[in-house]
$ cat coords10.txt   # compact mmCIF, C-alpha atoms
# COMPACT_ATOMS: atom_id res chain seq x y z
CA MET A 1 8.43 -11.29 0.70
CA THR A 2 4.75 -12.05 0.54
CA ARG A 3 2.17 -11.65 3.27
CA PHE A 4 -1.52 -11.76 3.92
CA VAL A 5 -2.71 -8.55 5.58
CA VAL A 6 -5.90 -7.88 7.52
CA VAL A 7 -6.90 -4.24 7.97
CA GLU A 8 -9.16 -3.44 10.89
CA THR A 9 -10.84 -0.25 11.94
CA GLY A 10 -9.24 1.48 14.88
CA PRO A 11 -9.87 4.35 17.27
CA PHE A 12 -7.61 6.93 15.62
CA PRO A 13 -8.80 10.52 16.08
CA ASP A 14 -6.66 12.18 13.41
CA GLY A 15 -7.88 10.60 10.20
CA PRO A 16 -8.67 7.42 8.30
CA HIS A 17 -6.02 5.17 9.77
CA ALA A 18 -6.31 1.47 10.33
CA ARG A 19 -4.74 -1.02 12.65
CA VAL A 20 -3.13 -3.76 10.60
CA ARG A 21 -2.18 -7.22 11.74
CA LEU A 22 -0.49 -9.86 9.67
CA GLY A 23 -2.58 -12.98 9.16
CA THR A 24 -0.77 -16.21 9.81
CA GLY A 25 -3.21 -18.55 8.14
CA THR A 26 -2.45 -21.38 10.54
CA GLY A 27 -6.02 -22.61 10.63
CA THR A 28 -6.18 -22.36 14.41
CA GLY A 29 -8.96 -19.82 14.56
CA ASP A 30 -6.97 -16.80 13.44
CA ASN A 31 -8.83 -16.83 10.13
CA VAL A 32 -12.11 -15.89 11.81
CA ARG A 33 -13.14 -12.45 10.62
CA PRO A 34 -13.80 -10.08 13.51
CA ALA A 35 -16.56 -7.52 13.00
CA SER A 36 -14.01 -4.72 12.63
CA VAL A 37 -12.23 -6.17 9.56
CA ILE A 38 -12.65 -3.88 6.57
CA ASP A 39 -10.19 -5.45 4.14
CA GLU A 40 -8.10 -8.57 3.61
CA HIS A 41 -5.52 -8.76 0.88
CA PHE A 42 -2.36 -10.37 -0.42
CA VAL A 43 0.82 -8.24 -0.55
CA VAL A 44 3.90 -9.02 -2.63
CA ASP A 45 7.24 -7.19 -2.39
CA VAL A 46 8.09 -6.41 -6.02
CA ASP A 47 11.75 -5.78 -5.23
CA VAL A 48 12.24 -9.30 -3.87
CA CYS A 49 9.69 -11.60 -5.52
CA ARG A 50 10.54 -13.08 -8.91
CA ASP A 51 7.52 -15.42 -9.13
CA GLY A 52 5.27 -14.01 -11.83
CA ARG A 53 2.28 -16.00 -10.57
CA LEU A 54 2.47 -14.30 -7.16
CA LEU A 55 2.92 -10.89 -8.74
CA ASP A 56 -0.09 -11.48 -10.99
CA CYS A 57 -2.43 -12.43 -8.14
CA ALA A 58 -1.33 -9.79 -5.61
CA ASP A 59 -3.85 -7.25 -4.43
CA VAL A 60 -1.02 -4.93 -3.34
CA LEU A 61 2.29 -4.71 -5.18
CA GLN A 62 4.67 -3.00 -2.80
CA GLY A 63 8.28 -2.01 -3.27
CA SER A 64 10.85 -2.17 -0.50
CA ARG A 65 13.59 -0.12 -2.16
CA ALA A 66 13.22 3.67 -1.78
CA ARG A 67 13.42 5.64 -5.01
CA SER A 68 13.35 9.25 -6.16
CA VAL A 69 9.93 10.58 -7.16
CA ALA A 70 10.76 10.31 -10.88
CA ASP A 71 12.04 6.72 -10.52
CA ALA A 72 9.06 5.75 -8.36
CA LEU A 73 6.60 7.07 -10.94
CA ARG A 74 8.35 5.13 -13.72
CA ARG A 75 8.27 1.99 -11.55
CA LEU A 76 4.54 2.46 -10.89
CA THR A 77 3.88 2.74 -14.62
CA ASP A 78 5.77 -0.49 -15.23
CA LEU A 79 3.99 -2.33 -12.39
CA THR A 80 0.45 -1.27 -13.27
CA SER A 81 1.04 -2.08 -16.94
CA ALA A 82 2.51 -5.52 -16.24
CA HIS A 83 -0.01 -6.44 -13.52
CA PRO A 84 -3.35 -4.76 -14.29
CA ALA A 85 -5.28 -6.90 -11.80
CA CYS A 86 -3.53 -5.49 -8.74
CA GLY A 87 -5.60 -3.13 -6.63
CA ILE A 88 -2.73 -0.82 -5.78
CA ALA A 89 0.96 -0.51 -6.51
CA ALA A 90 3.16 1.46 -4.12
CA VAL A 91 6.83 2.40 -4.15
CA PRO A 92 8.64 4.01 -1.18
CA LEU A 93 10.05 7.48 -1.76
CA ALA A 94 13.65 8.23 -0.87
CA GLY A 95 14.01 10.80 1.88
CA ARG A 96 16.88 12.63 3.42
CA GLY A 97 19.49 10.45 5.03
CA GLY A 98 18.66 7.46 2.84
CA GLY A 99 15.40 6.54 4.59
CA SER A 100 11.91 6.54 3.17
CA ASP A 101 9.86 9.74 3.16
CA GLY A 102 6.50 8.33 2.10
CA TRP A 103 5.00 6.49 -0.86
CA ALA A 104 4.15 6.96 -4.51
CA ALA A 105 0.98 4.97 -5.15
CA ALA A 106 -1.25 4.10 -8.09
CA GLY A 107 -4.55 2.31 -7.93
CA GLY A 108 -8.30 2.24 -7.84
CA PRO A 109 -10.77 2.20 -10.71
CA ASP A 110 -9.44 5.56 -11.95
CA ARG A 111 -5.79 4.39 -11.57
CA ALA A 112 -5.00 7.61 -9.73
CA VAL A 113 -1.33 8.28 -9.00
CA VAL A 114 -0.50 10.19 -5.81
CA LEU A 115 2.34 10.89 -3.44
CA VAL A 116 1.65 10.15 0.22
CA PRO A 117 4.20 11.60 2.65
CA TYR A 118 4.34 10.21 6.15
CA GLY A 119 2.19 12.19 8.55
CA ALA A 120 3.39 13.18 11.99
CA SER A 121 1.25 10.41 13.47
CA THR A 122 2.69 7.63 11.29
CA ALA A 123 4.73 5.44 13.62
CA ALA A 124 7.98 4.14 12.15
CA GLY A 125 6.87 0.53 12.62
CA GLN A 126 3.65 1.14 10.69
CA ARG A 127 5.13 2.90 7.66
CA SER A 128 5.48 -0.27 5.59
CA LEU A 129 1.78 -0.94 6.17
CA LEU A 130 0.57 2.34 4.65
CA PRO A 131 -0.06 0.76 1.21
CA SER A 132 -2.33 -1.78 2.93
CA CYS A 133 -4.27 1.06 4.54
CA LEU A 134 -4.55 2.72 1.12
CA HIS A 135 -5.90 -0.54 -0.31
CA ALA A 136 -8.57 -0.65 2.41
CA TRP A 137 -9.41 2.97 1.55
CA LEU A 138 -9.97 1.94 -2.08
CA VAL A 139 -12.05 -1.08 -1.05
CA ALA A 140 -14.28 1.29 0.93
CA GLY A 141 -15.09 3.07 -2.34
CA HIS A 142 -12.75 6.04 -2.18
CA SER A 143 -10.13 7.28 -4.63
CA LEU A 144 -6.47 7.67 -3.74
CA ARG A 145 -6.93 11.36 -4.51
CA GLU A 146 -9.40 11.53 -1.60
CA TRP A 147 -6.87 10.21 0.96
CA PRO A 148 -6.42 13.19 3.32
CA TYR A 149 -2.62 13.15 3.10
CA ALA A 150 -2.32 12.50 -0.65
CA ARG A 151 -0.58 14.99 -2.87
CA ASP A 152 -0.90 15.29 -6.60
CA VAL A 153 2.10 14.27 -8.62
CA PRO A 154 3.99 17.41 -9.65
CA SER A 155 3.95 18.06 -13.38
CA ASP A 156 7.26 18.98 -14.93
$ encode --input "coords10.txt" --output "structure tokens"
Amino acid sequence: MTRFVVVETGPFPDGPHARVRLGTGTGTGDNVRPASVIDEHFVVDVDVCRDGRLLDCADVLQGSRARSVADALRRLTDLTSAHPACGIAAVPLAGRGGGSDGWAAAGGPDRAVVLVPYGASTAAGQRSLLPSCLHAWLVAGHSLREWPYARDVPSD
């Protein structure tokens, strides 16, 4: 799956969240940038896409298959090595009951690697958009380590 994502500022009182809408690119006026747009980027699902050209030009490489922390960190290493032009790579973390518990992410100029658990305010329908919000955070000049909910990767 590939998609074009537009991140807009939003009135969220509990931290640096963003409202995200998917761009359709139909040419009927939905490509007009509203004043509140802070980031636009191209997302590719690395667990589905096999087209190397799309993977190479993606701003966000995002997994859709939840993995253990150790597996997610290995996957991030592979992704960032194979596709150095991507702004951020993110892999969902396996949680209890088989669902996702957050994200492992790598990106930014310092190629920081962090774990980002879902916060209490993260709506289930918005969880897959968290890597896009992280990308907007990087575009604004921050590091992934500065994301308020980011955790350092545990050292073994």
$ residues_near_point --input "coords10.txt" --point "(0.1, 14.8, -7.8)" --cutoff "8 Å" --atoms "all atoms listed in the file" --output "ChimeraX atom specification"
/A:113-115,150-155
$ write_last_selection --input "coords10.txt" --atoms "C-alpha atoms" --output "mmCIF file, in the coordinates of the input"
data_model
loop_
_atom_site.group_PDB
_atom_site.id
_atom_site.type_symbol
_atom_site.label_atom_id
_atom_site.label_comp_id
_atom_site.auth_asym_id
_atom_site.auth_seq_id
_atom_site.Cartn_x
_atom_site.Cartn_y
_atom_site.Cartn_z
ATOM 1 C CA VAL A 113 -1.330 8.280 -9.000
ATOM 2 C CA VAL A 114 -0.500 10.190 -5.810
ATOM 3 C CA LEU A 115 2.340 10.890 -3.440
ATOM 4 C CA ALA A 150 -2.320 12.500 -0.650
ATOM 5 C CA ARG A 151 -0.580 14.990 -2.870
ATOM 6 C CA ASP A 152 -0.900 15.290 -6.600
ATOM 7 C CA VAL A 153 2.100 14.270 -8.620
ATOM 8 C CA PRO A 154 3.990 17.410 -9.650
ATOM 9 C CA SER A 155 3.950 18.060 -13.380
#
$ closest_atom_pairs --input "coords10.txt" --of "stretch 110-156 of chain A" --to "stretch 47-60 of chain A" --cutoff "9 Å" --atoms "all atoms listed in the file" --output "Markdown table"
| residue | atom | partner | partner_atom | distance |
| --- | --- | --- | --- | --- |
| A:Pro131 | CA | A:Val60 | CA | 7.3 |
| A:Ser132 | CA | A:Val60 | CA | 7.1 |
| A:His135 | CA | A:Val60 | CA | 7.2 |
$ atom_distance --input "coords10.txt" --atom1 "atom CA of A:Pro84" --atom2 "atom CA of A:Ser36"
29.0 Å
$ residues_around --input "coords10.txt" --residues "A:Arg96" --least-positions-apart "3" --cutoff "12 Å" --atoms "only C-alpha atoms" --output "list in words"
Ala66, Arg67, Ser68, Leu93, Gly99, Ser100, Asp101 and Gly102 of chain A
$ closest_residue --input "coords10.txt" --among "A:Val91, A:Ala106, A:Cys133, A:Ala70" --to "A:Arg145" --atoms "only C-alpha atoms"
A:Ala106
$ atom_distance --input "coords10.txt" --atom1 "atom CA of A:Gly108" --atom2 "atom CA of A:Gly95"
25.8 Å
$ axis_aligned_box --input "coords10.txt" --around "stretch 133-143 of chain A" --padding-each-side "8 Å" --output "AutoDock Vina command-line options"
--center_x -9.7 --center_y 3.1 --center_z 0.0 --size_x 26.8 --size_y 24.4 --size_z 25.2
$ atom_distance --input "coords10.txt" --atom1 "atom CA of A:Ala82" --atom2 "atom CA of A:Pro148"
28.5 Å
$ closest_residue --input "coords10.txt" --among "A:Trp103, A:Ala140, A:Asp78, A:Leu61" --to "A:Arg127" --atoms "all atoms listed in the file"
A:Trp103
